[in-house]
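Novice: Next up, protein_31.cif (mmCIF, C-alpha atoms and all ligand atoms).
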```cif
data_run
loop_
_atom_site.label_atom_id
_atom_site.label_comp_id
_atom_site.auth_asym_id
_atom_site.auth_seq_id
_atom_site.Cartn_x
_atom_site.Cartn_y
_atom_site.Cartn_z
CA ILE X 175 60.26 66.06 83.14
CA ASN X 176 61.00 69.56 84.31
CA PHE X 177 64.49 69.09 85.76
CA GLN X 178 64.50 72.72 86.81
CA LYS X 179 62.18 71.73 89.63
CA ALA X 180 65.01 69.83 91.35
CA GLN X 181 65.35 70.90 94.95
CA PHE X 182 67.71 69.81 97.70
CA LEU X 183 66.00 67.20 99.85
CA THR X 184 68.52 65.72 102.26
CA SER X 185 72.03 64.30 102.72
CA ALA X 186 72.95 60.84 103.92
CA SER X 187 76.20 59.28 105.05
CA ASN X 188 74.84 55.77 104.95
CA LEU X 189 71.91 53.75 103.66
CA SER X 190 69.76 54.17 106.76
CA GLN X 191 69.80 57.96 106.41
CA CYS X 192 68.51 57.89 102.84
CA PRO X 193 64.94 59.03 102.15
CA GLU X 194 62.23 56.38 102.06
CA ASP X 195 62.92 53.88 99.29
CA ILE X 196 59.92 54.71 97.08
CA GLY X 197 59.42 56.10 93.59
CA TYR X 198 62.32 56.43 91.14
CA GLU X 199 65.88 57.57 91.57
CA VAL X 200 68.87 58.20 89.28
CA ALA X 201 72.37 58.52 90.75
CA PHE X 202 75.30 60.59 89.42
CA ALA X 203 78.82 59.32 90.02
CA GLY X 204 82.26 60.42 88.94
CA ARG X 205 85.81 61.05 89.97
CA SER X 206 86.41 64.47 91.47
CA ASN X 207 86.84 67.01 88.69
CA ALA X 208 85.12 64.81 86.10
CA GLY X 209 82.50 67.53 85.60
CA LYS X 210 79.67 66.10 87.70
CA SER X 211 78.62 69.43 89.24
CA SER X 212 78.72 71.15 85.87
CA ALA X 213 76.58 68.40 84.33
CA LEU X 214 74.02 68.63 87.16
CA ASN X 215 73.94 72.41 86.87
CA THR X 216 73.42 72.19 83.11
CA LEU X 217 70.71 69.57 83.45
CA THR X 218 68.74 71.46 86.08
CA GLY X 219 69.61 74.99 84.99
CA SER X 220 70.58 75.72 88.56
CA LYS X 221 74.01 76.63 89.87
CA LYS X 222 72.68 76.28 93.38
CA LEU X 223 72.04 72.58 93.13
CA ALA X 224 75.53 71.21 92.67
CA ARG X 225 77.00 73.90 94.87
CA THR X 226 74.88 72.41 97.64
CA SER X 227 76.71 69.13 97.12
CA LYS X 228 80.07 70.91 97.34
CA THR X 229 79.28 72.62 100.63
CA PRO X 230 82.01 71.62 103.11
CA GLY X 231 80.72 68.73 105.16
CA ARG X 232 78.49 67.52 102.33
CA THR X 233 81.16 66.44 99.88
CA GLN X 234 81.45 63.00 101.42
CA LEU X 235 77.68 62.55 101.63
CA ILE X 236 75.06 61.21 99.28
CA ASN X 237 72.97 64.27 98.38
CA PHE X 238 69.33 63.87 97.31
CA PHE X 239 67.38 66.30 95.13
CA SER X 240 63.69 65.87 94.48
CA ILE X 241 62.01 66.67 91.18
CA SER X 242 58.64 65.41 92.39
CA ASP X 243 57.61 63.27 95.36
CA GLN X 244 58.26 60.18 93.21
CA GLN X 245 61.41 61.29 91.35
CA ARG X 246 64.87 62.10 92.67
CA LEU X 247 68.35 62.88 91.42
CA VAL X 248 71.15 61.64 93.65
CA ASP X 249 74.61 63.15 93.74
CA LEU X 250 77.08 60.53 94.95
CA PRO X 251 80.25 61.81 96.63
CA GLY X 252 83.11 62.76 94.32
CA TYR X 253 86.01 60.36 94.41
CA GLY X 254 89.65 60.23 93.44
CA TYR X 255 91.50 63.07 95.08
CA ALA X 256 94.97 61.67 95.67
CA LYS X 257 95.02 63.10 99.18
CA VAL X 258 92.00 61.17 100.44
CA PRO X 259 93.26 58.61 102.98
CA GLU X 260 92.95 54.95 102.06
CA GLU X 261 90.61 54.32 104.98
CA MET X 262 88.20 56.97 103.73
CA LYS X 263 88.22 55.46 100.24
CA LYS X 264 87.30 52.10 101.75
CA GLN X 265 84.46 53.69 103.73
CA TRP X 266 83.19 55.45 100.66
CA GLN X 267 83.36 52.28 98.60
CA TYR X 268 81.44 50.41 101.26
CA HIS X 269 78.62 52.97 101.42
CA LEU X 270 78.42 53.24 97.63
CA GLU X 271 78.24 49.48 97.32
CA GLN X 272 75.52 49.34 99.96
CA TYR X 273 73.54 52.06 98.23
CA LEU X 274 73.90 50.47 94.79
CA SER X 275 73.03 46.97 95.87
CA GLN X 276 70.20 47.71 98.31
CA ARG X 277 68.34 50.68 96.90
CA GLN X 278 65.13 49.41 95.26
CA CYS X 279 64.12 52.72 93.67
CA LEU X 280 67.48 53.18 91.93
CA MET X 281 66.75 52.95 88.19
CA GLY X 282 70.15 53.78 86.77
CA ILE X 283 73.53 55.39 87.23
CA VAL X 284 75.01 58.25 85.25
CA LEU X 285 78.80 57.95 85.30
CA MET X 286 80.80 61.02 84.32
CA MET X 287 84.28 60.63 82.81
CA ASP X 288 86.51 63.37 81.47
CA ILE X 289 86.75 62.51 77.78
CA ARG X 290 90.53 62.97 77.94
CA HIS X 291 90.94 60.53 80.87
CA PRO X 292 88.28 57.82 80.68
CA LEU X 293 88.21 54.41 82.36
CA LYS X 294 90.20 55.17 85.49
CA GLU X 295 90.20 52.64 88.31
CA PHE X 296 87.10 54.21 89.91
CA ASP X 297 85.19 54.16 86.61
CA LEU X 298 85.94 50.48 86.07
CA MET X 299 84.83 49.75 89.63
CA VAL X 300 81.46 51.45 89.08
CA MET X 301 81.06 49.72 85.72
CA GLN X 302 81.76 46.33 87.26
CA TRP X 303 79.40 46.92 90.18
CA ALA X 304 76.65 48.09 87.88
CA ASN X 305 77.26 45.02 85.76
CA SER X 306 77.15 42.62 88.70
CA CYS X 307 73.83 44.00 89.97
CA GLU X 308 72.48 44.43 86.42
CA MET X 309 72.03 48.14 86.97
CA PRO X 310 71.58 50.25 83.83
CA LEU X 311 74.47 52.65 83.29
CA HIS X 312 74.74 55.79 81.18
CA ILE X 313 78.21 57.24 80.64
CA LEU X 314 78.82 60.90 79.90
CA LEU X 315 82.13 61.67 78.23
CA THR X 316 82.38 65.15 79.69
CA LYS X 317 84.25 68.24 78.52
CA ALA X 318 83.85 67.00 74.93
CA ASP X 319 84.60 70.55 73.81
CA LYS X 320 88.22 69.97 74.86
CA LEU X 321 88.70 67.70 71.84
CA LYS X 322 88.11 68.29 68.15
CA TYR X 323 84.95 66.60 66.91
CA GLY X 324 86.81 63.76 65.17
CA ALA X 325 88.84 62.93 68.27
CA ALA X 326 85.74 63.12 70.49
CA LYS X 327 83.88 60.77 68.17
CA GLN X 328 86.85 58.39 68.21
CA ALA X 329 86.84 58.34 72.02
CA LEU X 330 83.10 57.63 71.94
CA ASN X 331 83.51 54.76 69.47
CA LYS X 332 86.36 53.26 71.46
CA LEU X 333 84.32 53.25 74.65
CA GLN X 334 81.32 51.86 72.82
CA SER X 335 83.35 48.86 71.70
CA ILE X 336 84.60 48.27 75.24
CA ILE X 337 81.14 48.36 76.82
CA GLY X 338 80.01 45.73 74.36
CA SER X 339 81.58 43.15 76.68
CA TYR X 340 79.32 44.09 79.61
CA HIS X 341 75.96 42.37 79.91
CA ASN X 342 74.06 45.12 81.71
CA PRO X 343 72.57 47.89 79.59
CA ILE X 344 75.25 50.57 79.12
CA SER X 345 74.97 53.60 76.90
CA VAL X 346 77.48 56.36 76.31
CA GLN X 347 77.31 59.87 74.91
CA LEU X 348 79.35 63.02 74.44
CA PHE X 349 78.60 65.88 76.81
CA SER X 350 79.78 69.44 77.26
CA ALA X 351 78.47 71.71 79.97
CA LEU X 352 80.40 74.55 78.36
CA LYS X 353 78.86 74.15 74.90
CA LYS X 354 75.61 72.63 76.21
CA THR X 355 75.97 69.61 73.94
CA GLY X 356 74.35 66.31 74.80
CA VAL X 357 71.85 67.82 77.22
CA ASP X 358 68.75 66.64 75.34
CA GLU X 359 70.17 63.14 74.94
CA LEU X 360 70.75 63.01 78.71
CA ARG X 361 67.24 64.30 79.44
CA VAL X 362 65.69 61.59 77.25
CA LYS X 363 67.68 58.89 79.06
CA LEU X 364 66.71 60.18 82.50
CA SER X 365 63.06 60.60 81.57
CA GLY X 366 62.93 56.94 80.62
CA TRP X 367 64.54 55.86 83.88
CA LEU X 368 62.28 58.14 85.92
CA GLN X 369 59.23 56.62 84.22
CA GLU X 370 58.03 59.61 82.27
P1 LIG A 1 83.20 67.78 89.70
O1 LIG A 1 84.31 67.80 90.68
O2 LIG A 1 83.07 66.44 89.04
O3 LIG A 1 81.89 68.26 90.23
O4 LIG A 1 83.64 68.74 88.49
P2 LIG A 1 83.22 70.25 88.14
O5 LIG A 1 81.88 70.28 87.50
O6 LIG A 1 83.42 71.11 89.31
O7 LIG A 1 84.28 70.57 86.98
C1 LIG A 1 85.67 70.44 87.20
C2 LIG A 1 86.40 71.41 86.28
O8 LIG A 1 86.14 71.09 84.91
C3 LIG A 1 85.96 72.85 86.45
O9 LIG A 1 87.09 73.68 86.31
C4 LIG A 1 84.99 73.08 85.32
O10 LIG A 1 84.93 74.42 84.90
C5 LIG A 1 85.56 72.20 84.23
N1 LIG A 1 84.49 71.71 83.34
C6 LIG A 1 83.36 71.07 83.69
N2 LIG A 1 82.60 70.80 82.62
C7 LIG A 1 83.24 71.30 81.54
C8 LIG A 1 82.96 71.34 80.12
O11 LIG A 1 81.94 70.87 79.61
N3 LIG A 1 83.90 71.91 79.33
C9 LIG A 1 85.07 72.44 79.82
N4 LIG A 1 85.93 72.96 78.95
N5 LIG A 1 85.35 72.44 81.14
C10 LIG A 1 84.46 71.88 82.00
#
```
As a first step, turn the structure in this file into structure tokens.
Ligand code: GDP

Specialist:
Amino acid sequence: INFQKAQFLTSASNLSQCPEDIGYEVAFAGRSNAGKSSALNTLTGSKKLARTSKTPGRTQLINFFSISDQQRLVDLPGYGYAKVPEEMKKQWQYHLEQYLSQRQCLMGIVLMMDIRHPLKEFDLMVMQWANSCEMPLHILLTKADKLKYGAAKQALNKLQSIIGSYHNPISVQLFSALKKTGVDELRVKLSGWLQE
């Protein structure tokens, strides 16, 4: 797949505004600051793409990018800023849950976690949802360059032993947008999900 072909398609604030439910889709989720934009930029080789998702007014929306008419990348709203009101968190949770449970073309979720702060409340919530709807999940331990290799590997192993208790397919890898590590591994995963 040529991920560089990714182009902004549309934004949605709820399920009914999403593009027609056909083809194959992969969604990117993460707490704010987990490195989601950087990962999307690295994957697609385009700074423009994730900036689109950070445009004021679009940060709370589900942003769709098309690679082809049958393949899309989906940037789910960032989550976890302490200042977000409780009511907004509930709204966001509701729409995410709707999207995850209803979307037929959704083939898998990429969940970004800062390698230094994995498994926060939001991460566990996404992992449990994915598990309950048997949705494949791929975890990126981002900013892996922030740790020495041994410590990064240890974090990876620890998470791998934890995900062993989930019954849906979960995989995990190290990723660094800064050092461009883990990009090929991510591309292989996504290509499989997007049926290429
Ligand atoms: P988002 O809020 O999840 O979209 O996160 P961003 O991609 O905007 O990244 C949040 C912060 O982490 C920014 O200051 C980035 O420069 C930094 N960051 C993202 N990826 C990496 C990485 O691979 N290595 C390092 N060292 N910093 C990163």

Novice: Could you work out how far atom CA of Ser345 of chain X lies from atom CA of Gly219 of chain X, giving the answer in Å with one decimal?

Specialist: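 Taking atom CA of Gly219 of chain X as the start and atom CA of Ser345 of chain X as the end point, the length is 23.5 Å.
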
Novice: Ranking X:Met309, X:Ile196, X:Leu189, X:Ala201 by minimum distance to Trp266 of chain X and counting only C-alpha atoms, which one comes first?

Specialist: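 Under the stated criterion, the closest residue is X:Leu189.
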
Novice: Using only C-alpha atoms and all ligand atoms, determine which residues fall within 10 Å of ligand LIG 1 (chain A), then list them as a ChimeraX atom specification.

Specialist: /X:202-216,224-225,227-228,233,249,251-255,286-289,315-321,348-355

Novice: May I ask which of the residues X:Gln302, X:Asn188, X:Gln178, X:Gln347 is the closest one to Leu250 of chain X, counting only C-alpha atoms?

Specialist: X:Asn188

Novice: What's the separation between atom CA of Gln181 of chain X and atom CA of Ile241 of chain X, in Å to one decimal place?

Specialist: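 Atom-to-atom, atom CA of Gln181 of chain X to atom CA of Ile241 of chain X, that is 6.6 Å.
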
Novice: Which polymer residues, whether protein, DNA or RNA, lie within 12 Å of the coordinate (67.1, 61.8, 78.7) when you count only C-alpha atoms? List them as a list of chain:residue names, using the chain letters and numbers from the file.

Specialist: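 Within 12 Å of (67.1, 61.8, 78.7), the protein and nucleic acid residues are X:Ile175, X:Asn176, X:Phe177, X:Val200, X:Leu217, X:Gly282, X:Val284, X:His312, X:Leu314, X:Ser345, X:Val346, X:Gln347, X:Gly356, X:Val357, X:Asp358, X:Glu359, X:Leu360, X:Arg361, X:Val362, X:Lys363, X:Leu364, X:Ser365, X:Gly366, X:Trp367, X:Leu368, X:Gln369, X:Glu370.
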
Novice: Any idea what's packed within 9 Å of Gly197 of chain X, counting all atoms listed in the file, ignoring anything in its chain fewer than 3 positions away? Could you give it as a ChimeraX atom specification?

Specialist: /X:194,243-246,278-280,368

Novice: Between X:Pro259, X:Thr226, X:Ser185, X:Ala180, which one has atoms that come closest to Phe239 of chain X, using all atoms listed in the file?

Specialist: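 Smallest separation from Phe239 of chain X among the options: X:Ala180.
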
Novice: Give me, please, the distance in Å between atom CA of Cys192 of chain X and atom CA of Leu235 of chain X, quoted to one decimal.

Specialist: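 Going from atom CA of Cys192 of chain X over to atom CA of Leu235 of chain X covers 10.4 Å.
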
Novice: Which residue out of X:Leu183, X:Ala304, X:Leu311, X:Leu293 has the minimum interatomic distance to Leu333 of chain X when only C-alpha atoms are used?

Specialist: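 Among the listed residues, the smallest separation from Leu333 of chain X belongs to X:Leu293.
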
Novice: Report as a list in words all protein, DNA and RNA residues lying within 9 Å of Ala186 of chain X, evaluated on all atoms listed in the file, omitting residues in the same chain fewer than 5 positions from it.

Specialist: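 Returned residues: Gln191, Cys192, Pro193, Arg232, Leu235, Ile236, Asn237 and Phe238 of chain X.
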
Novice: Enclose all atoms of segment 210-228 of chain X listed in the file in an axis-aligned box, grow every side by 6 Å, and hand back centre and edge lengths in Å to one decimal, as AutoDock Vina command-line options.

Specialist:
```
--center_x 74.4 --center_y 71.4 --center_z 90.4 --size_x 23.3 --size_y 22.5 --size_z 26.5
```

Novice: Using only C-alpha atoms, which of the listed residues (X:Pro292, X:Asn331, X:Met281, X:Ser190) sits closest to Pro343 of chain X?

Specialist: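 Comparing X:Pro292, X:Asn331, X:Met281, X:Ser190 against Pro343 of chain X, the winner is X:Met281.
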
Novice: Using all atoms listed in the file for the distances, tell me which of X:Gln234, X:Leu285, X:Gln328, X:Ser242 is nearest to Met262 of chain X.

Specialist: X:Gln234

Novice: Kindly output segment 192-222 of chain X as a PDB file, in the frame of the given file, after building N, CA and C atoms.

Specialist:
```pdb
ATOM      1  N   CYS X 192      69.099  57.520 104.124  1.00  0.00           N
ATOM      2  CA  CYS X 192      68.510  57.890 102.840  1.00  0.00           C
ATOM      3  C   CYS X 192      67.005  58.076 102.975  1.00  0.00           C
ATOM      4  N   PRO X 193      66.396  58.875 102.095  1.00  0.00           N
ATOM      5  CA  PRO X 193      64.940  59.030 102.150  1.00  0.00           C
ATOM      6  C   PRO X 193      64.265  57.687 101.911  1.00  0.00           C
ATOM      7  N   GLU X 194      62.997  57.606 102.232  1.00  0.00           N
ATOM      8  CA  GLU X 194      62.230  56.380 102.060  1.00  0.00           C
ATOM      9  C   GLU X 194      62.417  55.843 100.636  1.00  0.00           C
ATOM     10  N   ASP X 195      62.577  54.531 100.554  1.00  0.00           N
ATOM     11  CA  ASP X 195      62.920  53.880  99.290  1.00  0.00           C
ATOM     12  C   ASP X 195      61.669  53.676  98.427  1.00  0.00           C
ATOM     13  N   ILE X 196      61.113  54.779  97.926  1.00  0.00           N
ATOM     14  CA  ILE X 196      59.920  54.710  97.080  1.00  0.00           C
ATOM     15  C   ILE X 196      60.135  55.562  95.822  1.00  0.00           C
ATOM     16  N   GLY X 197      59.327  55.308  94.812  1.00  0.00           N
ATOM     17  CA  GLY X 197      59.420  56.100  93.590  1.00  0.00           C
ATOM     18  C   GLY X 197      60.633  55.702  92.757  1.00  0.00           C
ATOM     19  N   TYR X 198      61.246  56.690  92.089  1.00  0.00           N
ATOM     20  CA  TYR X 198      62.320  56.430  91.140  1.00  0.00           C
ATOM     21  C   TYR X 198      63.482  57.380  91.378  1.00  0.00           C
ATOM     22  N   GLU X 199      64.689  56.807  91.278  1.00  0.00           N
ATOM     23  CA  GLU X 199      65.880  57.570  91.570  1.00  0.00           C
ATOM     24  C   GLU X 199      66.947  57.315  90.506  1.00  0.00           C
ATOM     25  N   VAL X 200      67.712  58.348  90.170  1.00  0.00           N
ATOM     26  CA  VAL X 200      68.870  58.200  89.280  1.00  0.00           C
ATOM     27  C   VAL X 200      70.081  58.787  89.994  1.00  0.00           C
ATOM     28  N   ALA X 201      71.190  58.060  90.010  1.00  0.00           N
ATOM     29  CA  ALA X 201      72.370  58.520  90.750  1.00  0.00           C
ATOM     30  C   ALA X 201      73.476  58.968  89.803  1.00  0.00           C
ATOM     31  N   PHE X 202      74.174  60.027  90.187  1.00  0.00           N
ATOM     32  CA  PHE X 202      75.300  60.590  89.420  1.00  0.00           C
ATOM     33  C   PHE X 202      76.605  60.292  90.145  1.00  0.00           C
ATOM     34  N   ALA X 203      77.541  59.669  89.416  1.00  0.00           N
ATOM     35  CA  ALA X 203      78.820  59.320  90.020  1.00  0.00           C
ATOM     36  C   ALA X 203      79.962  59.794  89.134  1.00  0.00           C
ATOM     37  N   GLY X 204      81.104  60.034  89.731  1.00  0.00           N
ATOM     38  CA  GLY X 204      82.260  60.420  88.940  1.00  0.00           C
ATOM     39  C   GLY X 204      83.444  60.721  89.822  1.00  0.00           C
ATOM     40  N   ARG X 205      84.620  60.634  89.241  1.00  0.00           N
ATOM     41  CA  ARG X 205      85.810  61.050  89.970  1.00  0.00           C
ATOM     42  C   ARG X 205      85.734  62.548  90.186  1.00  0.00           C
ATOM     43  N   SER X 206      86.366  63.032  91.245  1.00  0.00           N
ATOM     44  CA  SER X 206      86.410  64.470  91.470  1.00  0.00           C
ATOM     45  C   SER X 206      86.989  65.133  90.235  1.00  0.00           C
ATOM     46  N   ASN X 207      86.369  66.241  89.850  1.00  0.00           N
ATOM     47  CA  ASN X 207      86.840  67.010  88.690  1.00  0.00           C
ATOM     48  C   ASN X 207      86.384  66.451  87.338  1.00  0.00           C
ATOM     49  N   ALA X 208      85.577  65.396  87.360  1.00  0.00           N
ATOM     50  CA  ALA X 208      85.120  64.810  86.100  1.00  0.00           C
ATOM     51  C   ALA X 208      84.083  65.695  85.413  1.00  0.00           C
ATOM     52  N   GLY X 209      83.507  66.638  86.178  1.00  0.00           N
ATOM     53  CA  GLY X 209      82.500  67.530  85.600  1.00  0.00           C
ATOM     54  C   GLY X 209      81.085  67.194  86.045  1.00  0.00           C
ATOM     55  N   LYS X 210      80.979  66.523  87.187  1.00  0.00           N
ATOM     56  CA  LYS X 210      79.670  66.100  87.700  1.00  0.00           C
ATOM     57  C   LYS X 210      78.804  67.309  88.093  1.00  0.00           C
ATOM     58  N   SER X 211      79.393  68.242  88.826  1.00  0.00           N
ATOM     59  CA  SER X 211      78.620  69.430  89.240  1.00  0.00           C
ATOM     60  C   SER X 211      78.164  70.223  88.036  1.00  0.00           C
ATOM     61  N   SER X 212      79.062  70.389  87.073  1.00  0.00           N
ATOM     62  CA  SER X 212      78.720  71.150  85.870  1.00  0.00           C
ATOM     63  C   SER X 212      77.594  70.465  85.100  1.00  0.00           C
ATOM     64  N   ALA X 213      77.626  69.143  85.029  1.00  0.00           N
ATOM     65  CA  ALA X 213      76.580  68.400  84.330  1.00  0.00           C
ATOM     66  C   ALA X 213      75.239  68.561  85.057  1.00  0.00           C
ATOM     67  N   LEU X 214      75.263  68.464  86.373  1.00  0.00           N
ATOM     68  CA  LEU X 214      74.020  68.630  87.160  1.00  0.00           C
ATOM     69  C   LEU X 214      73.474  70.042  87.017  1.00  0.00           C
ATOM     70  N   ASN X 215      74.369  71.007  87.045  1.00  0.00           N
ATOM     71  CA  ASN X 215      73.940  72.410  86.870  1.00  0.00           C
ATOM     72  C   ASN X 215      73.297  72.604  85.506  1.00  0.00           C
ATOM     73  N   THR X 216      73.923  72.036  84.480  1.00  0.00           N
ATOM     74  CA  THR X 216      73.420  72.190  83.110  1.00  0.00           C
ATOM     75  C   THR X 216      72.063  71.509  82.967  1.00  0.00           C
ATOM     76  N   LEU X 217      71.961  70.323  83.524  1.00  0.00           N
ATOM     77  CA  LEU X 217      70.710  69.570  83.450  1.00  0.00           C
ATOM     78  C   LEU X 217      69.551  70.314  84.122  1.00  0.00           C
ATOM     79  N   THR X 218      69.821  70.869  85.283  1.00  0.00           N
ATOM     80  CA  THR X 218      68.740  71.460  86.080  1.00  0.00           C
ATOM     81  C   THR X 218      68.638  72.971  85.903  1.00  0.00           C
ATOM     82  N   GLY X 219      69.609  73.545  85.180  1.00  0.00           N
ATOM     83  CA  GLY X 219      69.610  74.990  84.990  1.00  0.00           C
ATOM     84  C   GLY X 219      69.771  75.737  86.297  1.00  0.00           C
ATOM     85  N   SER X 220      70.429  75.088  87.259  1.00  0.00           N
ATOM     86  CA  SER X 220      70.580  75.720  88.560  1.00  0.00           C
ATOM     87  C   SER X 220      72.002  75.579  89.082  1.00  0.00           C
ATOM     88  N   LYS X 221      72.653  76.677  89.310  1.00  0.00           N
ATOM     89  CA  LYS X 221      74.010  76.630  89.870  1.00  0.00           C
ATOM     90  C   LYS X 221      73.971  76.214  91.330  1.00  0.00           C
ATOM     91  N   LYS X 222      72.850  76.495  91.948  1.00  0.00           N
ATOM     92  CA  LYS X 222      72.680  76.280  93.380  1.00  0.00           C
ATOM     93  C   LYS X 222      72.786  74.796  93.728  1.00  0.00           C
TER      94      LYS X 222
END
```
